[in-house]
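What follows is a short report on a single structure.
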Amino acid sequence: MTNSIVNKIMELKKERNAIILSHNYQRGEVQDIADFVGDSLGLSQTAAKTDADVIIFCGVHFMAETAALVCPDKKVVIPDPHAGCPMAAMVTARELREKKKQHPNAVVVCYVNSTADVKAEVDICCTSANAVKVVDSIPKDKEILFVPDKSLGDWVAKQLGREMILWEGFCPTHHRISAEHIQKFKVEHPDAKVVVHPECLSEVVDIADHVASTTGILNYARESKDKKFFIGTESGIIHRLQKENPDKEFHHVLQLADCPNMKLNSLEKVQWALEDLETEVTVKPEIAEKARLSIDKMLAIV
Ligand code: 13P
Ligand code: SF4
């Protein structure tokens, strides 16, 4: 059954001159049929340079929207249009405009986990892979408003020893991981390394051995001489970690740290998306024009 779906997907992909992009959190079988699997930064960079006519974007809505922004001449299709991101929903353009009135001189840095409407209101975007570099590119005397992830913002502020005004957004999936979970593994497995995503709570990030974006976690595991790892991020990444490092052992710190939105895309939905091209993700031209500037500024830095 799975094989016949995979064959059909490969056939349709050729017919449509399509490329399949997958985030590191997608279901294993979806990652396995993708042309590129990566973090938010890698996905937007790959989308920006593809010559395919169609991008099947296996991730959540803001990621597909970012691809639509960086390649307006392509058709970007998301297998399940209900795959949203609760963190991205924690800030609206209107709320942000109000906040900007209170801090009229602040440079607004926006995590890509946000809608295009919000990106149209900001100065520059960042991902978890380049947030430190992006913030560091802003003159030291400038006030910074960081939206919407308070945890990522807090981690970046500590890395750079720089104060920022933080929006009160967070990722419900990463916030399920507690410092007690991490302490337990550290005590029971002193030979293991604990690696977490910067969307985790600050008390979790503070005691981890390494903090990185999803691709940063993959790079760390590949390059490390250690053999055992506890991974504090969404469960989907374990598939790729284990596949790329068969001689090493990976444990997910918490079964509940699962993003239900990321798991909405399936092989069947990828096939249907390629057949119908119905679930296209588009951005209104007047919003796209402004939002694209904030993404392009980020891509010029990294
Ligand atoms: P990355 O940019 O590290 O892939 O993370 C995206 C995300 O949504 C994390 O929850
Ligand atoms: Fe959004 Fe968190 Fe899911 Fe990432 S893991 S898509 S931040 S809800």
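In the structure tokens, the first chain shown is A, the next is B, and so on; residue numbers restart at 1 for each chain, and ligands run from 1 in the order shown.
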Counting only C-alpha atoms and all ligand atoms, which residues of chain A fall within 7 Å of ligand 2, and what is the closest atom pair for each with its distance in Å at one decimal, ordered by chain and rising number, as CSV?
residue,atom,partner,partner_atom_place_in_ligand_line,distance
A:Val60,CA,ligand 2,6 (S),6.0
A:Cys85,CA,ligand 2,1 (Fe),3.9
A:Pro86,CA,ligand 2,8 (S),5.1
A:Met87,CA,ligand 2,1 (Fe),5.3
A:Ala88,CA,ligand 2,1 (Fe),6.7
A:Asn113,CA,ligand 2,7 (S),6.4
A:Cys171,CA,ligand 2,2 (Fe),4.2
A:Pro172,CA,ligand 2,8 (S),6.0
A:Thr173,CA,ligand 2,2 (Fe),5.2
A:His174,CA,ligand 2,2 (Fe),6.3
A:Glu234,CA,ligand 2,5 (S),6.0
A:Cys259,CA,ligand 2,3 (Fe),4.6
A:Asn261,CA,ligand 2,3 (Fe),6.1
A:Met262,CA,ligand 2,3 (Fe),6.1
Using only C-alpha atoms, what table do you get, as a Markdown table, when you list each residue of region 2-45 of chain A with an atom no more than 12 Å from region 66-76 of chain A, its nearest pair of atoms, and their distance in Å rounded to one decimal, rows by chain then rising number?
| residue | atom | partner | partner_atom | distance |
| --- | --- | --- | --- | --- |
| A:Arg16 | CA | A:Lys75 | CA | 10.5 |
| A:Asn17 | CA | A:Lys75 | CA | 10.8 |
| A:Ala18 | CA | A:Lys75 | CA | 9.2 |
| A:Ile19 | CA | A:Val76 | CA | 9.8 |
| A:Ile20 | CA | A:Val76 | CA | 10.1 |
| A:Leu21 | CA | A:Ala67 | CA | 10.0 |
| A:Ser22 | CA | A:Ala67 | CA | 12.0 |
| A:Ser40 | CA | A:Thr66 | CA | 9.1 |
| A:Leu41 | CA | A:Thr66 | CA | 10.0 |
| A:Gly42 | CA | A:Ala67 | CA | 10.9 |
| A:Leu43 | CA | A:Ala67 | CA | 7.8 |
| A:Ser44 | CA | A:Ala67 | CA | 5.7 |
| A:Gln45 | CA | A:Val70 | CA | 8.6 |
Please save N, CA and C atoms of the selected residues as a PDB file, in the first residue's frame.
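The result, written out as selection.pdb:
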ATOM      1  N   ARG A  16       4.166  17.214 -12.593  1.00  0.00           N
ATOM      2  CA  ARG A  16       3.910  18.603 -12.152  1.00  0.00           C
ATOM      3  C   ARG A  16       5.167  19.462 -12.099  1.00  0.00           C
ATOM      4  N   ASN A  17       6.327  18.878 -12.338  1.00  0.00           N
ATOM      5  CA  ASN A  17       7.617  19.530 -12.077  1.00  0.00           C
ATOM      6  C   ASN A  17       7.597  20.128 -10.659  1.00  0.00           C
ATOM      7  N   ALA A  18       7.337  19.225  -9.707  1.00  0.00           N
ATOM      8  CA  ALA A  18       7.200  19.648  -8.300  1.00  0.00           C
ATOM      9  C   ALA A  18       8.408  19.213  -7.479  1.00  0.00           C
ATOM     10  N   ILE A  19       8.581  19.926  -6.366  1.00  0.00           N
ATOM     11  CA  ILE A  19       9.596  19.556  -5.389  1.00  0.00           C
ATOM     12  C   ILE A  19       8.851  19.354  -4.056  1.00  0.00           C
ATOM     13  N   ILE A  20       9.290  18.374  -3.274  1.00  0.00           N
ATOM     14  CA  ILE A  20       8.637  18.153  -1.965  1.00  0.00           C
ATOM     15  C   ILE A  20       9.616  18.572  -0.870  1.00  0.00           C
ATOM     16  N   LEU A  21       9.190  19.528  -0.055  1.00  0.00           N
ATOM     17  CA  LEU A  21      10.009  19.992   1.071  1.00  0.00           C
ATOM     18  C   LEU A  21       9.371  19.496   2.364  1.00  0.00           C
ATOM     19  N   SER A  22      10.189  19.060   3.296  1.00  0.00           N
ATOM     20  CA  SER A  22       9.642  18.567   4.570  1.00  0.00           C
ATOM     21  C   SER A  22      10.411  19.148   5.751  1.00  0.00           C
ATOM     22  N   SER A  40      13.480  25.513   9.529  1.00  0.00           N
ATOM     23  CA  SER A  40      12.768  26.618   8.865  1.00  0.00           C
ATOM     24  C   SER A  40      13.701  27.417   7.958  1.00  0.00           C
ATOM     25  N   LEU A  41      14.936  27.614   8.411  1.00  0.00           N
ATOM     26  CA  LEU A  41      15.876  28.401   7.608  1.00  0.00           C
ATOM     27  C   LEU A  41      16.232  27.653   6.321  1.00  0.00           C
ATOM     28  N   GLY A  42      16.619  26.394   6.453  1.00  0.00           N
ATOM     29  CA  GLY A  42      16.990  25.591   5.285  1.00  0.00           C
ATOM     30  C   GLY A  42      15.841  25.480   4.301  1.00  0.00           C
ATOM     31  N   LEU A  43      14.628  25.364   4.821  1.00  0.00           N
ATOM     32  CA  LEU A  43      13.460  25.226   3.941  1.00  0.00           C
ATOM     33  C   LEU A  43      13.224  26.511   3.161  1.00  0.00           C
ATOM     34  N   SER A  44      13.360  27.677   3.825  1.00  0.00           N
ATOM     35  CA  SER A  44      13.119  28.917   3.077  1.00  0.00           C
ATOM     36  C   SER A  44      14.242  29.173   2.074  1.00  0.00           C
ATOM     37  N   GLN A  45      15.484  28.792   2.443  1.00  0.00           N
ATOM     38  CA  GLN A  45      16.594  28.975   1.487  1.00  0.00           C
ATOM     39  C   GLN A  45      16.412  28.052   0.276  1.00  0.00           C
TER      40      GLN A  45
END
- Determine which residues of region 70-291 of chain A receive a DSSP assignment of helix (DSSP H, G or I), computed from the backbone, and state them as a VMD selection string. chain A and resid 70 88 to 90 93 to 102 116 to 119 131 to 136 150 to 160 174 to 176 179 to 188 202 to 207 214 to 223 237 to 244 262 to 264 267 to 276 285 to 291
Compile a residue-level contact table for chain A against ligand 1 at a cut-off of 6 Å, reporting for every qualifying residue the shortest atom pair and its distance in Å to one decimal, with only C-alpha atoms and all ligand atoms counted, rows ordered by chain and ascending number, as a Markdown table.
| residue | atom | partner | partner_atom_place_in_ligand_line | distance |
| --- | --- | --- | --- | --- |
| A:Asp39 | CA | ligand 1 | 4 (O) | 3.3 |
| A:Ser40 | CA | ligand 1 | 2 (O) | 4.0 |
| A:Thr127 | CA | ligand 1 | 2 (O) | 5.4 |
| A:Ser128 | CA | ligand 1 | 2 (O) | 5.1 |
| A:Ser213 | CA | ligand 1 | 3 (O) | 3.5 |
| A:Thr214 | CA | ligand 1 | 3 (O) | 4.0 |
- Task: Find, counting only C-alpha atoms, the residue in A:Ser266, A:Ser178, A:Thr279, A:Ser4 that gets nearest to Gly232 (chain A).
- Result: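 The shortest atom-to-atom distance to Gly232 (chain A) comes from A:Ser178.
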Excluding region 283-296 of chain A and residues on its chain fewer than 4 positions from it, collect all residues at most 7 Å away from it, counting only C-alpha atoms, and give them as a PDB file with N, CA, C and O atoms, in the first residue's frame.
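The file below, result-v7.pdb, is the result:
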ATOM      1  N   LEU A  69       6.159  33.556  -0.011  1.00  0.00           N
ATOM      2  CA  LEU A  69       6.706  34.919  -0.025  1.00  0.00           C
ATOM      3  C   LEU A  69       8.020  34.989  -0.793  1.00  0.00           C
ATOM      4  O   LEU A  69       8.230  35.911  -1.570  1.00  0.00           O
ATOM      5  N   VAL A  70       8.880  33.991  -0.582  1.00  0.00           N
ATOM      6  CA  VAL A  70      10.194  34.067  -1.239  1.00  0.00           C
ATOM      7  C   VAL A  70      10.150  33.615  -2.699  1.00  0.00           C
ATOM      8  O   VAL A  70      11.065  33.917  -3.447  1.00  0.00           O
ATOM      9  N   ALA A 116       2.064  36.018   7.744  1.00  0.00           N
ATOM     10  CA  ALA A 116       2.582  37.025   6.798  1.00  0.00           C
ATOM     11  C   ALA A 116       2.078  38.415   7.196  1.00  0.00           C
ATOM     12  O   ALA A 116       2.803  39.406   7.047  1.00  0.00           O
ATOM     13  N   ASP A 117       0.850  38.496   7.734  1.00  0.00           N
ATOM     14  CA  ASP A 117       0.303  39.795   8.183  1.00  0.00           C
ATOM     15  C   ASP A 117       1.220  40.429   9.227  1.00  0.00           C
ATOM     16  O   ASP A 117       1.450  41.632   9.223  1.00  0.00           O
ATOM     17  N   LYS A 119       4.476  39.566   9.701  1.00  0.00           N
ATOM     18  CA  LYS A 119       5.788  39.818   9.074  1.00  0.00           C
ATOM     19  C   LYS A 119       5.784  41.147   8.311  1.00  0.00           C
ATOM     20  O   LYS A 119       6.814  41.802   8.180  1.00  0.00           O
ATOM     21  N   ALA A 120       4.604  41.542   7.822  1.00  0.00           N
ATOM     22  CA  ALA A 120       4.496  42.805   7.071  1.00  0.00           C
ATOM     23  C   ALA A 120       4.683  44.020   7.987  1.00  0.00           C
ATOM     24  O   ALA A 120       4.869  45.139   7.516  1.00  0.00           O
ATOM     25  N   VAL A 122       7.011  44.123  10.540  1.00  0.00           N
ATOM     26  CA  VAL A 122       8.265  44.069  11.293  1.00  0.00           C
ATOM     27  C   VAL A 122       9.455  44.543  10.462  1.00  0.00           C
ATOM     28  O   VAL A 122       9.351  44.719   9.251  1.00  0.00           O
ATOM     29  N   ASP A 123      10.616  44.686  11.131  1.00  0.00           N
ATOM     30  CA  ASP A 123      11.810  45.144  10.414  1.00  0.00           C
ATOM     31  C   ASP A 123      12.594  43.993   9.811  1.00  0.00           C
ATOM     32  O   ASP A 123      13.120  44.103   8.715  1.00  0.00           O
ATOM     33  N   ILE A 124      12.706  42.912  10.568  1.00  0.00           N
ATOM     34  CA  ILE A 124      13.513  41.776  10.078  1.00  0.00           C
ATOM     35  C   ILE A 124      13.017  40.477  10.709  1.00  0.00           C
ATOM     36  O   ILE A 124      12.538  40.484  11.848  1.00  0.00           O
ATOM     37  N   CYS A 125      13.136  39.382   9.967  1.00  0.00           N
ATOM     38  CA  CYS A 125      12.741  38.075  10.507  1.00  0.00           C
ATOM     39  C   CYS A 125      13.980  37.320  10.974  1.00  0.00           C
ATOM     40  O   CYS A 125      15.111  37.697  10.667  1.00  0.00           O
ATOM     41  N   ALA A 300      19.613  37.766   3.617  1.00  0.00           N
ATOM     42  CA  ALA A 300      20.845  38.464   3.201  1.00  0.00           C
ATOM     43  C   ALA A 300      21.920  38.355   4.283  1.00  0.00           C
ATOM     44  O   ALA A 300      23.110  38.466   4.004  1.00  0.00           O
TER      45      ALA A 300
END
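Candidate residues A:Lys297, A:Lys158, A:Arg222, A:Lys248 were compared for distance to Asp206 (chain A), and the nearest is A:Lys158, using only C-alpha atoms.
The closest residue to Ala129 (chain A), picked from A:Val205, A:Ile144, A:Val156, A:Val77 and counting only C-alpha atoms, is A:Val156.
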- Message: Rounded to one decimal, what separation in Å do you get between CA of Ala106 (chain A) and CA of Ala89 (chain A)?
- Response: 22.2 Å
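The interatomic distance for the pair CA of Asp154 (chain A) and CA of Val135 (chain A) works out to 11.9 Å.
For His210 (chain A), the set of protein, DNA and RNA residues having any atom at most 9 Å away, when counting only C-alpha atoms and skipping those fewer than 6 positions along the same chain, is A:Lys193, A:Val194, A:Val195, A:Val196, A:His197, A:Ile217, A:Tyr220.
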For the residues selected in the previous step, produce a file with all heavy atoms as an mmCIF file, in the first residue's frame.
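That gives us out.cif:
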data_model
loop_
_atom_site.group_PDB
_atom_site.id
_atom_site.type_symbol
_atom_site.label_atom_id
_atom_site.label_comp_id
_atom_site.auth_asym_id
_atom_site.auth_seq_id
_atom_site.Cartn_x
_atom_site.Cartn_y
_atom_site.Cartn_z
ATOM 1 N N LYS A 193 24.101 12.968 26.500
ATOM 2 C CA LYS A 193 24.048 14.429 26.308
ATOM 3 C C LYS A 193 22.585 14.833 26.121
ATOM 4 O O LYS A 193 21.820 14.143 25.431
ATOM 5 C CB LYS A 193 24.831 14.839 25.049
ATOM 6 C CG LYS A 193 26.340 14.755 25.234
ATOM 7 C CD LYS A 193 26.848 15.962 26.009
ATOM 8 C CE LYS A 193 28.355 15.998 26.146
ATOM 9 N NZ LYS A 193 28.911 15.115 27.169
ATOM 10 N N VAL A 194 22.218 15.964 26.757
ATOM 11 C CA VAL A 194 20.857 16.472 26.608
ATOM 12 C C VAL A 194 20.893 17.661 25.650
ATOM 13 O O VAL A 194 21.611 18.630 25.880
ATOM 14 C CB VAL A 194 20.263 16.898 27.971
ATOM 15 C CG1 VAL A 194 18.875 17.505 27.784
ATOM 16 C CG2 VAL A 194 20.201 15.713 28.927
ATOM 17 N N VAL A 195 20.141 17.562 24.555
ATOM 18 C CA VAL A 195 20.151 18.597 23.519
ATOM 19 C C VAL A 195 18.724 19.109 23.338
ATOM 20 O O VAL A 195 17.804 18.309 23.162
ATOM 21 C CB VAL A 195 20.666 18.016 22.179
ATOM 22 C CG1 VAL A 195 20.977 19.125 21.196
ATOM 23 C CG2 VAL A 195 21.886 17.146 22.388
ATOM 24 N N VAL A 196 18.541 20.420 23.420
ATOM 25 C CA VAL A 196 17.172 20.961 23.351
ATOM 26 C C VAL A 196 17.074 22.115 22.354
ATOM 27 O O VAL A 196 18.069 22.711 21.959
ATOM 28 C CB VAL A 196 16.665 21.441 24.748
ATOM 29 C CG1 VAL A 196 16.783 20.346 25.788
ATOM 30 C CG2 VAL A 196 17.390 22.694 25.205
ATOM 31 N N HIS A 197 15.822 22.405 21.989
ATOM 32 C CA HIS A 197 15.521 23.516 21.079
ATOM 33 C C HIS A 197 15.327 24.789 21.924
ATOM 34 O O HIS A 197 14.788 24.709 23.043
ATOM 35 C CB HIS A 197 14.232 23.182 20.313
ATOM 36 C CG HIS A 197 13.992 24.042 19.125
ATOM 37 N ND1 HIS A 197 13.402 25.280 19.230
ATOM 38 C CD2 HIS A 197 14.279 23.860 17.813
ATOM 39 C CE1 HIS A 197 13.325 25.821 18.017
ATOM 40 N NE2 HIS A 197 13.852 24.978 17.137
ATOM 41 N N ILE A 217 20.616 20.630 15.926
ATOM 42 C CA ILE A 217 20.599 19.406 16.752
ATOM 43 C C ILE A 217 21.154 18.235 15.927
ATOM 44 O O ILE A 217 21.969 17.439 16.394
ATOM 45 C CB ILE A 217 19.166 19.102 17.274
ATOM 46 C CG1 ILE A 217 18.725 20.193 18.263
ATOM 47 C CG2 ILE A 217 19.085 17.706 17.899
ATOM 48 C CD1 ILE A 217 17.281 20.090 18.751
ATOM 49 N N TYR A 220 24.923 18.623 15.561
ATOM 50 C CA TYR A 220 25.601 18.326 16.831
ATOM 51 C C TYR A 220 25.705 16.807 17.027
ATOM 52 O O TYR A 220 26.768 16.283 17.353
ATOM 53 C CB TYR A 220 24.816 18.969 17.977
ATOM 54 C CG TYR A 220 25.357 18.668 19.353
ATOM 55 C CD1 TYR A 220 26.397 19.408 19.902
ATOM 56 C CD2 TYR A 220 24.809 17.632 20.123
ATOM 57 C CE1 TYR A 220 26.892 19.133 21.168
ATOM 58 C CE2 TYR A 220 25.285 17.350 21.390
ATOM 59 C CZ TYR A 220 26.328 18.109 21.909
ATOM 60 O OH TYR A 220 26.808 17.828 23.171
#
- Message: Based on the backbone DSSP call, show me all residues of region 167-258 of chain A assigned strand (DSSP E), as a PyMOL selection string.
- Response: chain A and resi 193-196+210-211+228-232+249-252
- Find the residues around Gln26 (chain A) up to 10 Å (only C-alpha atoms counted), leave out those fewer than 2 positions away in its own chain, and share them as a PyMOL selection string. chain A and resi 22-24+28-32+37+58-60+234-237+239-240+259+261-266
For the residues selected in the previous step, produce a file with N, CA and C atoms as a PDB file, in the first residue's frame.
ATOM      1  N   SER A  22      10.189  19.060   3.296  1.00  0.00           N
ATOM      2  CA  SER A  22       9.642  18.567   4.570  1.00  0.00           C
ATOM      3  C   SER A  22      10.411  19.148   5.751  1.00  0.00           C
ATOM      4  N   HIS A  23       9.680  19.555   6.767  1.00  0.00           N
ATOM      5  CA  HIS A  23      10.332  19.991   8.002  1.00  0.00           C
ATOM      6  C   HIS A  23      10.803  18.753   8.773  1.00  0.00           C
ATOM      7  N   ASN A  24      11.818  18.955   9.615  1.00  0.00           N
ATOM      8  CA  ASN A  24      12.376  17.863  10.431  1.00  0.00           C
ATOM      9  C   ASN A  24      11.361  17.234  11.391  1.00  0.00           C
ATOM     10  N   GLY A  28       7.861  10.317   9.775  1.00  0.00           N
ATOM     11  CA  GLY A  28       9.017   9.689   9.130  1.00  0.00           C
ATOM     12  C   GLY A  28       8.780   9.375   7.665  1.00  0.00           C
ATOM     13  N   GLU A  29       7.580   8.810   7.360  1.00  0.00           N
ATOM     14  CA  GLU A  29       7.329   8.397   5.969  1.00  0.00           C
ATOM     15  C   GLU A  29       7.224   9.599   5.029  1.00  0.00           C
ATOM     16  N   VAL A  30       6.845  10.751   5.573  1.00  0.00           N
ATOM     17  CA  VAL A  30       6.774  11.973   4.755  1.00  0.00           C
ATOM     18  C   VAL A  30       8.204  12.488   4.515  1.00  0.00           C
ATOM     19  N   GLN A  31       9.024  12.512   5.580  1.00  0.00           N
ATOM     20  CA  GLN A  31      10.429  12.923   5.423  1.00  0.00           C
ATOM     21  C   GLN A  31      11.120  12.062   4.361  1.00  0.00           C
ATOM     22  N   ASP A  32      10.790  10.753   4.369  1.00  0.00           N
ATOM     23  CA  ASP A  32      11.496   9.823   3.474  1.00  0.00           C
ATOM     24  C   ASP A  32      11.210  10.049   1.990  1.00  0.00           C
ATOM     25  N   VAL A  37      14.830  17.814   3.425  1.00  0.00           N
ATOM     26  CA  VAL A  37      14.287  17.827   4.789  1.00  0.00           C
ATOM     27  C   VAL A  37      15.150  18.805   5.579  1.00  0.00           C
ATOM     28  N   CYS A  58       5.574  20.287   3.158  1.00  0.00           N
ATOM     29  CA  CYS A  58       5.148  19.461   4.289  1.00  0.00           C
ATOM     30  C   CYS A  58       5.697  20.081   5.571  1.00  0.00           C
ATOM     31  N   GLY A  59       4.855  20.881   6.175  1.00  0.00           N
ATOM     32  CA  GLY A  59       5.222  21.579   7.407  1.00  0.00           C
ATOM     33  C   GLY A  59       3.963  22.261   7.885  1.00  0.00           C
ATOM     34  N   VAL A  60       4.095  23.328   8.674  1.00  0.00           N
ATOM     35  CA  VAL A  60       2.902  24.059   9.100  1.00  0.00           C
ATOM     36  C   VAL A  60       2.712  25.304   8.222  1.00  0.00           C
ATOM     37  N   GLU A 234      10.431  18.520  19.367  1.00  0.00           N
ATOM     38  CA  GLU A 234       9.301  17.733  18.851  1.00  0.00           C
ATOM     39  C   GLU A 234       9.767  16.344  18.403  1.00  0.00           C
ATOM     40  N   SER A 235       8.883  15.346  18.586  1.00  0.00           N
ATOM     41  CA  SER A 235       9.269  13.938  18.387  1.00  0.00           C
ATOM     42  C   SER A 235       9.742  13.571  16.973  1.00  0.00           C
ATOM     43  N   GLY A 236       9.251  14.274  15.947  1.00  0.00           N
ATOM     44  CA  GLY A 236       9.554  13.900  14.552  1.00  0.00           C
ATOM     45  C   GLY A 236      11.034  13.868  14.235  1.00  0.00           C
ATOM     46  N   ILE A 237      11.821  14.623  14.967  1.00  0.00           N
ATOM     47  CA  ILE A 237      13.257  14.708  14.665  1.00  0.00           C
ATOM     48  C   ILE A 237      13.996  13.398  14.970  1.00  0.00           C
ATOM     49  N   HIS A 239      13.303  10.429  14.081  1.00  0.00           N
ATOM     50  CA  HIS A 239      13.369   9.603  12.878  1.00  0.00           C
ATOM     51  C   HIS A 239      14.658   9.876  12.111  1.00  0.00           C
ATOM     52  N   ARG A 240      14.931  11.163  11.858  1.00  0.00           N
ATOM     53  CA  ARG A 240      16.112  11.516  11.052  1.00  0.00           C
ATOM     54  C   ARG A 240      17.413  11.297  11.841  1.00  0.00           C
ATOM     55  N   CYS A 259       3.939  17.760  18.219  1.00  0.00           N
ATOM     56  CA  CYS A 259       3.151  18.879  17.681  1.00  0.00           C
ATOM     57  C   CYS A 259       2.048  18.308  16.784  1.00  0.00           C
ATOM     58  N   ASN A 261      -0.094  19.581  14.930  1.00  0.00           N
ATOM     59  CA  ASN A 261      -0.217  20.231  13.615  1.00  0.00           C
ATOM     60  C   ASN A 261       0.795  19.676  12.618  1.00  0.00           C
ATOM     61  N   MET A 262       2.020  19.470  13.097  1.00  0.00           N
ATOM     62  CA  MET A 262       3.071  18.939  12.232  1.00  0.00           C
ATOM     63  C   MET A 262       2.695  17.552  11.716  1.00  0.00           C
ATOM     64  N   LYS A 263       1.907  16.828  12.526  1.00  0.00           N
ATOM     65  CA  LYS A 263       1.583  15.452  12.174  1.00  0.00           C
ATOM     66  C   LYS A 263       0.348  15.344  11.266  1.00  0.00           C
ATOM     67  N   LEU A 264      -0.262  16.474  10.897  1.00  0.00           N
ATOM     68  CA  LEU A 264      -1.459  16.415  10.057  1.00  0.00           C
ATOM     69  C   LEU A 264      -1.150  15.992   8.619  1.00  0.00           C
ATOM     70  N   ASN A 265       0.052  16.301   8.150  1.00  0.00           N
ATOM     71  CA  ASN A 265       0.396  15.909   6.777  1.00  0.00           C
ATOM     72  C   ASN A 265       0.724  14.421   6.737  1.00  0.00           C
ATOM     73  N   SER A 266       0.216  13.736   5.704  1.00  0.00           N
ATOM     74  CA  SER A 266       0.454  12.298   5.570  1.00  0.00           C
ATOM     75  C   SER A 266       0.787  12.001   4.109  1.00  0.00           C
TER      76      SER A 266
END
